[in-house]
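Everything on this sheet refers to the single structure shown next.
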Amino acid sequence: MLTQTTSRVLEPSDLDAALAVLDREPVANAFVTSRVQIAGLDPWRLGGEMWGWYEDGMLTSLCYAGANLVPICAGPRAIRAFADRARRAGRRCSSIVGPSGATADLWRLLEPHWGPAREVRRHQPLMVTDRLPADIAPDPYVRRVRKDEMETIMPACVAMFTEEVGVSPLAGDGGLLYQARVAELVGSGRAFARFDADGKVAFKAEIGAATDRACQIQGVWVAPEYRGTGLAAPGMAAVLRYALADVAPVVSLYVNDFNTAARRTYQRVGFQEVGAFMSVLF
């Protein structure tokens, strides 16, 4: 038992305590929770370390330190401890992302050492729904992507990622990690698309993070030639139907505040704003 306020790298034996912290905010923590439920806390399987912050011997806050740095249920003292640890370790992540307040505090402490960032998105509305819209019929042509359609879906995934993040996912390792992630989503039945008459992707989205309490829709994309034609809302309704029926009782997403068209679409489908994320991109 740790009796003081301290931080340390968690071990597999800390799994139950870590899941208890994650379970305090099941929607906001869905991304990290889904990884921990699958991989546990072994850094090699998890793809990064899980740092824990203890108050009076109790684990109260977490920080996932992998490809992303993600503060979880973190107050000011935990944020300071995580920033100290991150600064000593040096930047290994491609982004800092999480609830806007904690992420802003963490970035304020790290910016003098890690800055400047390539881009800072300070307000990304976190939106949720637990039901299908009454007035928008799901697009009947949106379906699960099959494993033999990887070559068809990949260009759409790369285009979406490049538009969203500002860099290609093919940079660095030639896209091996990104392709593996897309293949994982396709293989698990969590990638969805509408294909046009020529067999090209007109609309797509994935259910990324998934736990038994909440899941997160990501990668929403409409091909440029189909934008403004009314595919987005019925397409989202279709993915939402799959998510609620097969994955979790609550569905979330987060969106850039400047993407007014997307925010309007999500509101039409019934998503309501419940908080905000922040992303620091390197």
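Every chain in the structure tokens takes a letter, A first, then B, and so on in the order presented; its residues are numbered from 1, and the ligands are numbered from 1 following the presented order.
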Out of segment 154-250 of chain A, which residues get strand (DSSP E or B) from DSSP, as a PyMOL selection string? chain A and resi 191-195+201-210+215-222
Output as CSV one row per residue of segment 114-142 of chain A within 8 Å of segment 96-105 of chain A: the closest atom pair and its distance in Å to one decimal place, counting only C-alpha atoms, sorted by chain and residue number ascending.
```
residue,atom,partner,partner_atom,distance
A:Arg122,CA,A:Ser100,CA,6.7
A:His123,CA,A:Ser100,CA,6.7
A:Gln124,CA,A:Ser100,CA,8.0
```
Under the rule that only C-alpha atoms are counted, which of A:Glu164, A:Asp16, A:Asp173, A:Glu225 is the nearest residue to Glu119 of chain A? A:Glu164
Hey, what's within 8 Å of segment 259-275 of chain A if we count only C-alpha atoms and toss same-chain stuff fewer than 3 positions away? As a list in words, please? Pro99, Pro125, Leu126, Met127, Val128, Thr129, Arg131, Leu132, Pro133, Ile136, Ala232, Ala233, Met236, Ala237, Ser252, Val255 and Asn256 of chain A
Write out, as a short mmCIF file (atom, residue, chain, number, x, y, z; two decimals), in the first residue's frame, the residues just selected, with all heavy atoms.
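What landed in part.cif:
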```
data_model
loop_
_atom_site.label_atom_id
_atom_site.label_comp_id
_atom_site.auth_asym_id
_atom_site.auth_seq_id
_atom_site.Cartn_x
_atom_site.Cartn_y
_atom_site.Cartn_z
N PRO A 99 -9.95 15.07 -21.99
CA PRO A 99 -10.87 16.13 -21.55
C PRO A 99 -10.16 17.48 -21.55
O PRO A 99 -9.00 17.58 -21.13
CB PRO A 99 -11.27 15.68 -20.14
CG PRO A 99 -11.13 14.19 -20.19
CD PRO A 99 -9.95 13.92 -21.07
N PRO A 125 -16.06 19.44 -29.17
CA PRO A 125 -17.25 18.98 -28.45
C PRO A 125 -17.34 17.45 -28.39
O PRO A 125 -17.17 16.76 -29.40
CB PRO A 125 -18.40 19.57 -29.27
CG PRO A 125 -17.82 20.81 -29.86
CD PRO A 125 -16.40 20.45 -30.19
N LEU A 126 -17.62 16.94 -27.18
CA LEU A 126 -17.88 15.52 -26.95
C LEU A 126 -19.39 15.36 -26.97
O LEU A 126 -20.10 16.02 -26.21
CB LEU A 126 -17.29 15.08 -25.61
CG LEU A 126 -17.60 13.64 -25.17
CD1 LEU A 126 -16.96 12.63 -26.11
CD2 LEU A 126 -17.12 13.42 -23.73
N MET A 127 -19.88 14.48 -27.85
CA MET A 127 -21.32 14.35 -28.06
C MET A 127 -21.74 12.90 -27.83
O MET A 127 -20.98 11.97 -28.13
CB MET A 127 -21.68 14.80 -29.48
CG MET A 127 -21.16 16.18 -29.84
SD MET A 127 -21.55 16.71 -31.53
CE MET A 127 -23.27 17.22 -31.31
N VAL A 128 -22.95 12.71 -27.30
CA VAL A 128 -23.44 11.36 -27.03
C VAL A 128 -24.91 11.23 -27.41
O VAL A 128 -25.65 12.22 -27.49
CB VAL A 128 -23.28 10.97 -25.53
CG1 VAL A 128 -21.85 11.05 -25.08
CG2 VAL A 128 -24.18 11.80 -24.65
N THR A 129 -25.32 9.99 -27.61
CA THR A 129 -26.73 9.66 -27.75
C THR A 129 -26.93 8.21 -27.32
O THR A 129 -25.98 7.41 -27.33
CB THR A 129 -27.25 9.87 -29.18
OG1 THR A 129 -28.68 9.70 -29.21
CG2 THR A 129 -26.63 8.88 -30.16
N ARG A 131 -30.04 6.68 -28.42
CA ARG A 131 -31.22 6.25 -29.17
C ARG A 131 -31.10 6.65 -30.63
O ARG A 131 -30.31 7.53 -30.99
CB ARG A 131 -32.49 6.85 -28.56
CG ARG A 131 -32.57 8.38 -28.67
CD ARG A 131 -33.55 8.93 -27.67
NE ARG A 131 -33.09 8.68 -26.31
CZ ARG A 131 -33.82 8.86 -25.22
NH1 ARG A 131 -35.08 9.27 -25.33
NH2 ARG A 131 -33.33 8.62 -24.03
N LEU A 132 -31.91 6.00 -31.46
CA LEU A 132 -31.95 6.34 -32.87
C LEU A 132 -32.82 7.58 -33.07
O LEU A 132 -33.76 7.82 -32.32
CB LEU A 132 -32.54 5.18 -33.68
CG LEU A 132 -31.64 3.97 -33.87
CD1 LEU A 132 -32.42 2.81 -34.47
CD2 LEU A 132 -30.46 4.32 -34.77
N PRO A 133 -32.52 8.39 -34.10
CA PRO A 133 -33.35 9.56 -34.37
C PRO A 133 -34.73 9.13 -34.86
O PRO A 133 -34.87 8.13 -35.58
CB PRO A 133 -32.58 10.30 -35.46
CG PRO A 133 -31.78 9.24 -36.16
CD PRO A 133 -31.42 8.26 -35.08
N ILE A 136 -34.99 10.50 -38.99
CA ILE A 136 -34.00 10.23 -40.04
C ILE A 136 -33.86 8.72 -40.19
O ILE A 136 -33.43 8.03 -39.27
CB ILE A 136 -32.63 10.85 -39.72
CG1 ILE A 136 -32.74 12.37 -39.68
CG2 ILE A 136 -31.57 10.43 -40.76
CD1 ILE A 136 -31.48 13.08 -39.28
N ALA A 232 -24.69 12.08 -45.29
CA ALA A 232 -24.06 12.00 -43.96
C ALA A 232 -25.05 11.61 -42.86
O ALA A 232 -24.77 10.69 -42.07
CB ALA A 232 -23.38 13.32 -43.63
N ALA A 233 -26.18 12.29 -42.77
CA ALA A 233 -27.11 12.02 -41.66
C ALA A 233 -27.70 10.60 -41.72
O ALA A 233 -27.65 9.87 -40.72
CB ALA A 233 -28.21 13.08 -41.61
N MET A 236 -24.88 8.20 -40.81
CA MET A 236 -24.62 8.18 -39.37
C MET A 236 -25.72 7.42 -38.62
O MET A 236 -25.45 6.68 -37.67
CB MET A 236 -24.52 9.60 -38.83
CG MET A 236 -23.18 10.28 -39.09
SD MET A 236 -21.80 9.44 -38.27
CE MET A 236 -22.22 9.67 -36.55
N ALA A 237 -26.97 7.60 -39.05
CA ALA A 237 -28.07 6.88 -38.41
C ALA A 237 -27.90 5.37 -38.57
O ALA A 237 -28.19 4.60 -37.64
CB ALA A 237 -29.41 7.34 -38.99
N SER A 252 -20.81 7.65 -28.51
CA SER A 252 -20.22 8.99 -28.42
C SER A 252 -19.35 9.27 -29.63
O SER A 252 -19.04 8.38 -30.44
CB SER A 252 -19.37 9.11 -27.15
OG SER A 252 -18.18 8.33 -27.27
N VAL A 255 -15.73 16.00 -32.06
CA VAL A 255 -15.67 16.66 -33.36
C VAL A 255 -14.97 18.00 -33.20
O VAL A 255 -15.05 18.63 -32.14
CB VAL A 255 -17.10 16.82 -33.93
CG1 VAL A 255 -17.98 17.63 -32.98
CG2 VAL A 255 -17.10 17.45 -35.33
N ASN A 256 -14.28 18.44 -34.22
CA ASN A 256 -13.65 19.76 -34.16
C ASN A 256 -14.72 20.85 -34.13
O ASN A 256 -15.70 20.79 -34.89
CB ASN A 256 -12.75 19.97 -35.39
CG ASN A 256 -11.53 19.07 -35.36
OD1 ASN A 256 -10.88 18.92 -34.32
ND2 ASN A 256 -11.22 18.43 -36.48
#
```
Restricting to only C-alpha atoms, whichever of A:Leu59, A:Val239, A:Val280, A:Met160 is closest to Pro116 of chain A is A:Val280
Quick one: everything within 6 Å of Trp51 of chain A, counting only C-alpha atoms, minus sequence neighbours fewer than 5 positions away in the same chain. Send it as a CSV table (one decimal) with N, CA and C atoms, in the first residue's frame.
```csv
chain,number,residue,atom,x,y,z
A,8,ARG,N,3.4,6.4,-10.2
A,8,ARG,CA,4.3,5.3,-10.6
A,8,ARG,C,3.7,4.7,-11.8
A,9,VAL,N,4.5,3.9,-12.5
A,9,VAL,CA,4.0,3.1,-13.7
A,9,VAL,C,3.2,1.9,-13.1
A,10,LEU,N,2.0,1.7,-13.6
A,10,LEU,CA,1.2,0.6,-13.1
A,10,LEU,C,1.7,-0.7,-13.7
A,62,LEU,N,-5.2,8.5,-13.7
A,62,LEU,CA,-4.3,7.7,-14.6
A,62,LEU,C,-3.8,8.6,-15.7
A,63,CYS,N,-2.8,8.2,-16.4
A,63,CYS,CA,-2.3,8.8,-17.6
A,63,CYS,C,-1.8,7.8,-18.6
```
Could you pull the residues within 8 Å of segment 140-157 of chain A, counting only C-alpha atoms, minus those fewer than 3 positions along the same chain, as an mmCIF file with C-alpha atoms, in the first residue's frame?
```cif
data_model
loop_
_atom_site.group_PDB
_atom_site.id
_atom_site.type_symbol
_atom_site.label_atom_id
_atom_site.label_comp_id
_atom_site.auth_asym_id
_atom_site.auth_seq_id
_atom_site.Cartn_x
_atom_site.Cartn_y
_atom_site.Cartn_z
ATOM 1 C CA MET A 160 -10.138 10.936 -43.996
ATOM 2 C CA PHE A 161 -7.097 10.731 -41.706
ATOM 3 C CA GLN A 179 -3.327 -0.487 -42.133
ATOM 4 C CA VAL A 182 -8.068 -0.534 -40.182
ATOM 5 C CA ALA A 183 -7.812 -4.301 -40.731
ATOM 6 C CA VAL A 186 -12.849 -4.429 -40.487
ATOM 7 C CA GLY A 187 -12.118 -7.859 -39.020
ATOM 8 C CA GLY A 189 -17.127 -5.904 -37.877
ATOM 9 C CA ARG A 190 -16.798 -2.282 -36.728
ATOM 10 C CA ALA A 191 -16.098 -0.614 -40.115
ATOM 11 C CA PHE A 192 -19.065 0.556 -42.178
ATOM 12 C CA ALA A 193 -19.459 2.064 -45.636
ATOM 13 C CA ARG A 194 -21.786 2.889 -48.471
ATOM 14 C CA PHE A 195 -20.313 2.006 -51.852
ATOM 15 C CA GLY A 199 -17.685 0.266 -56.121
ATOM 16 C CA LYS A 200 -16.030 3.335 -54.579
ATOM 17 C CA VAL A 201 -16.621 4.492 -51.017
ATOM 18 C CA PHE A 203 -19.599 7.316 -47.037
ATOM 19 C CA LYS A 204 -17.726 5.560 -44.249
ATOM 20 C CA GLY A 219 -13.470 8.258 -39.045
ATOM 21 C CA TRP A 221 -16.051 10.679 -44.056
ATOM 22 C CA ALA A 223 -16.267 11.378 -50.546
ATOM 23 C CA GLY A 235 -25.237 7.186 -42.979
ATOM 24 C CA ALA A 238 -27.177 3.531 -39.963
ATOM 25 C CA VAL A 239 -23.869 3.274 -38.080
#
```
Exercise: Val167 of chain A partners within 12 Å, only C-alpha atoms, chain neighbours under 2 positions left out, as number ranges by chain: A: 94, 118-119, 158-165, 169-172, 175, 281-282
Residues from the last selection, all heavy atoms, saved as a short mmCIF file (atom, residue, chain, number, x, y, z; two decimals), in the first residue's frame:
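Written out: again33.cif:
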```cif
data_model
loop_
_atom_site.label_atom_id
_atom_site.label_comp_id
_atom_site.auth_asym_id
_atom_site.auth_seq_id
_atom_site.Cartn_x
_atom_site.Cartn_y
_atom_site.Cartn_z
N SER A 94 2.51 11.19 -30.48
CA SER A 94 2.20 12.05 -31.62
C SER A 94 1.12 13.06 -31.27
O SER A 94 0.86 14.00 -32.03
CB SER A 94 1.75 11.21 -32.82
OG SER A 94 0.59 10.45 -32.48
N ARG A 118 2.37 21.23 -33.59
CA ARG A 118 1.99 21.48 -34.99
C ARG A 118 0.61 22.13 -35.04
O ARG A 118 0.36 23.01 -35.87
CB ARG A 118 1.98 20.14 -35.76
CG ARG A 118 1.62 20.26 -37.22
CD ARG A 118 1.87 18.96 -37.96
NE ARG A 118 1.14 17.83 -37.38
CZ ARG A 118 -0.15 17.56 -37.62
NH1 ARG A 118 -0.86 18.34 -38.43
NH2 ARG A 118 -0.74 16.52 -37.05
N GLU A 119 -0.27 21.70 -34.15
CA GLU A 119 -1.60 22.30 -34.08
C GLU A 119 -2.21 22.01 -32.72
O GLU A 119 -1.98 20.94 -32.15
CB GLU A 119 -2.51 21.73 -35.19
CG GLU A 119 -3.85 22.42 -35.29
CD GLU A 119 -4.70 21.92 -36.45
OE1 GLU A 119 -4.19 21.11 -37.27
OE2 GLU A 119 -5.86 22.32 -36.53
N VAL A 158 -7.36 6.66 -45.59
CA VAL A 158 -6.18 7.53 -45.67
C VAL A 158 -6.61 8.97 -45.94
O VAL A 158 -6.09 9.91 -45.33
CB VAL A 158 -5.22 7.02 -46.76
CG1 VAL A 158 -4.12 8.04 -47.04
CG2 VAL A 158 -4.61 5.68 -46.34
N ALA A 159 -7.58 9.15 -46.84
CA ALA A 159 -8.06 10.50 -47.16
C ALA A 159 -8.68 11.15 -45.94
O ALA A 159 -8.43 12.33 -45.64
CB ALA A 159 -9.06 10.44 -48.31
N MET A 160 -9.51 10.39 -45.19
CA MET A 160 -10.14 10.94 -44.00
C MET A 160 -9.09 11.35 -42.98
O MET A 160 -9.12 12.46 -42.44
CB MET A 160 -11.08 9.88 -43.39
CG MET A 160 -11.80 10.29 -42.11
SD MET A 160 -10.80 10.28 -40.58
CE MET A 160 -10.13 8.61 -40.62
N PHE A 161 -8.13 10.46 -42.71
CA PHE A 161 -7.10 10.73 -41.71
C PHE A 161 -6.29 11.97 -42.09
O PHE A 161 -6.02 12.85 -41.26
CB PHE A 161 -6.18 9.51 -41.58
CG PHE A 161 -5.18 9.60 -40.46
CD1 PHE A 161 -5.40 8.96 -39.25
CD2 PHE A 161 -3.99 10.32 -40.61
CE1 PHE A 161 -4.48 9.04 -38.21
CE2 PHE A 161 -3.06 10.41 -39.58
CZ PHE A 161 -3.31 9.76 -38.38
N THR A 162 -5.91 12.06 -43.35
CA THR A 162 -5.09 13.18 -43.82
C THR A 162 -5.85 14.49 -43.69
O THR A 162 -5.30 15.51 -43.25
CB THR A 162 -4.64 12.95 -45.27
OG1 THR A 162 -3.97 11.67 -45.35
CG2 THR A 162 -3.68 14.03 -45.72
N GLU A 163 -7.14 14.48 -44.05
CA GLU A 163 -7.97 15.69 -43.91
C GLU A 163 -8.11 16.07 -42.44
O GLU A 163 -8.06 17.25 -42.09
CB GLU A 163 -9.36 15.45 -44.49
CG GLU A 163 -9.43 15.45 -46.01
CD GLU A 163 -10.86 15.22 -46.50
OE1 GLU A 163 -11.81 15.62 -45.79
OE2 GLU A 163 -11.02 14.64 -47.58
N GLU A 164 -8.31 15.08 -41.59
CA GLU A 164 -8.60 15.32 -40.18
C GLU A 164 -7.37 15.76 -39.39
O GLU A 164 -7.43 16.70 -38.60
CB GLU A 164 -9.20 14.06 -39.56
CG GLU A 164 -9.39 14.09 -38.06
CD GLU A 164 -10.45 15.07 -37.61
OE1 GLU A 164 -11.29 15.47 -38.44
OE2 GLU A 164 -10.43 15.46 -36.43
N VAL A 165 -6.26 15.07 -39.60
CA VAL A 165 -5.08 15.27 -38.77
C VAL A 165 -4.07 16.21 -39.41
O VAL A 165 -3.28 16.86 -38.72
CB VAL A 165 -4.43 13.90 -38.43
CG1 VAL A 165 -3.20 14.07 -37.56
CG2 VAL A 165 -5.44 13.00 -37.73
N PRO A 169 -1.31 9.13 -42.78
CA PRO A 169 -0.98 8.00 -41.91
C PRO A 169 0.04 7.06 -42.55
O PRO A 169 0.50 6.12 -41.90
CB PRO A 169 -2.32 7.30 -41.71
CG PRO A 169 -3.06 7.59 -42.97
CD PRO A 169 -2.66 8.99 -43.35
N LEU A 170 0.37 7.32 -43.82
CA LEU A 170 1.35 6.49 -44.52
C LEU A 170 2.77 6.97 -44.28
O LEU A 170 3.74 6.31 -44.67
CB LEU A 170 1.06 6.48 -46.03
CG LEU A 170 -0.36 6.10 -46.43
CD1 LEU A 170 -0.51 6.08 -47.95
CD2 LEU A 170 -0.75 4.74 -45.84
N ALA A 171 2.91 8.14 -43.64
CA ALA A 171 4.26 8.66 -43.35
C ALA A 171 4.92 7.80 -42.29
O ALA A 171 4.26 7.18 -41.46
CB ALA A 171 4.17 10.11 -42.88
N GLY A 172 6.23 7.79 -42.30
CA GLY A 172 6.97 7.06 -41.26
C GLY A 172 7.18 5.60 -41.63
O GLY A 172 8.15 5.25 -42.28
N GLY A 175 2.69 3.25 -43.47
CA GLY A 175 1.28 2.98 -43.20
C GLY A 175 1.00 1.61 -42.61
O GLY A 175 -0.16 1.21 -42.51
N LEU A 281 -1.47 18.34 -31.36
CA LEU A 281 -0.90 17.50 -32.42
C LEU A 281 0.54 17.90 -32.69
O LEU A 281 0.86 19.08 -32.82
CB LEU A 281 -1.72 17.64 -33.71
CG LEU A 281 -3.24 17.41 -33.57
CD1 LEU A 281 -3.93 17.65 -34.90
CD2 LEU A 281 -3.54 16.03 -33.05
N PHE A 282 1.42 16.90 -32.78
CA PHE A 282 2.84 17.16 -33.04
C PHE A 282 3.21 16.75 -34.46
O PHE A 282 2.50 15.99 -35.11
CB PHE A 282 3.70 16.40 -32.03
CG PHE A 282 3.46 16.83 -30.61
CD1 PHE A 282 2.74 16.02 -29.74
CD2 PHE A 282 3.92 18.05 -30.15
CE1 PHE A 282 2.49 16.41 -28.45
CE2 PHE A 282 3.68 18.46 -28.85
CZ PHE A 282 2.96 17.64 -27.99
#
```
What lies within 12 Å of Arg45 of chain A using only C-alpha atoms, ignoring chain neighbours under 5 positions off, as a ChimeraX atom specification? /A:12,35-40,50,66
Can I get the selected residues back with all heavy atoms, as a CSV table (one decimal), in the first residue's frame?
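What follows is the written file part32.csv:
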```
chain,number,residue,atom,x,y,z
A,12,PRO,N,0.5,-5.1,-14.2
A,12,PRO,CA,-0.7,-5.9,-14.5
A,12,PRO,C,-1.5,-6.2,-13.2
A,12,PRO,O,-2.7,-6.3,-13.3
A,12,PRO,CB,-0.1,-7.2,-15.0
A,12,PRO,CG,1.2,-6.8,-15.8
A,12,PRO,CD,1.7,-5.7,-14.9
A,35,ARG,N,-8.9,-0.3,-24.7
A,35,ARG,CA,-7.5,-0.9,-24.8
A,35,ARG,C,-7.1,-1.7,-23.6
A,35,ARG,O,-6.5,-2.8,-23.7
A,35,ARG,CB,-6.5,0.3,-25.1
A,35,ARG,CG,-6.7,1.0,-26.4
A,35,ARG,CD,-5.5,1.8,-26.7
A,35,ARG,NE,-4.4,0.9,-27.0
A,35,ARG,CZ,-3.6,1.1,-28.1
A,35,ARG,NH1,-3.8,2.1,-28.9
A,35,ARG,NH2,-2.6,0.3,-28.3
A,36,VAL,N,-7.4,-1.1,-22.4
A,36,VAL,CA,-7.0,-1.8,-21.2
A,36,VAL,C,-7.8,-3.1,-21.0
A,36,VAL,O,-7.3,-4.1,-20.6
A,36,VAL,CB,-7.2,-0.9,-20.0
A,36,VAL,CG1,-7.1,-1.7,-18.7
A,36,VAL,CG2,-6.3,0.3,-20.0
A,37,GLN,N,-9.1,-3.1,-21.4
A,37,GLN,CA,-9.9,-4.4,-21.3
A,37,GLN,C,-9.3,-5.5,-22.2
A,37,GLN,O,-9.4,-6.6,-21.8
A,37,GLN,CB,-11.3,-4.1,-21.6
A,37,GLN,CG,-12.1,-3.3,-20.5
A,37,GLN,CD,-13.5,-3.0,-20.8
A,37,GLN,OE1,-13.9,-3.1,-22.0
A,37,GLN,NE2,-14.3,-2.7,-19.8
A,38,ILE,N,-8.8,-5.1,-23.3
A,38,ILE,CA,-8.2,-6.1,-24.3
A,38,ILE,C,-6.8,-6.5,-23.9
A,38,ILE,O,-6.5,-7.7,-23.9
A,38,ILE,CB,-8.2,-5.5,-25.7
A,38,ILE,CG1,-9.7,-5.3,-26.2
A,38,ILE,CG2,-7.5,-6.4,-26.6
A,38,ILE,CD1,-9.8,-4.5,-27.5
A,39,ALA,N,-6.0,-5.5,-23.5
A,39,ALA,CA,-4.5,-5.7,-23.4
A,39,ALA,C,-4.1,-5.8,-21.9
A,39,ALA,O,-2.9,-6.2,-21.7
A,39,ALA,CB,-3.8,-4.6,-24.1
A,40,GLY,N,-4.9,-5.4,-21.0
A,40,GLY,CA,-4.4,-5.3,-19.6
A,40,GLY,C,-3.4,-4.1,-19.5
A,40,GLY,O,-3.5,-3.2,-20.2
A,50,MET,N,0.9,2.8,-18.5
A,50,MET,CA,-0.2,3.5,-17.7
A,50,MET,C,0.4,4.0,-16.4
A,50,MET,O,1.0,3.3,-15.6
A,50,MET,CB,-1.3,2.5,-17.4
A,50,MET,CG,-2.5,3.2,-16.8
A,50,MET,SD,-3.4,4.3,-17.9
A,50,MET,CE,-4.3,3.0,-18.9
A,66,GLY,N,1.3,6.4,-24.5
A,66,GLY,CA,1.6,5.6,-25.7
A,66,GLY,C,1.8,6.5,-26.9
A,66,GLY,O,2.4,7.5,-26.9
```
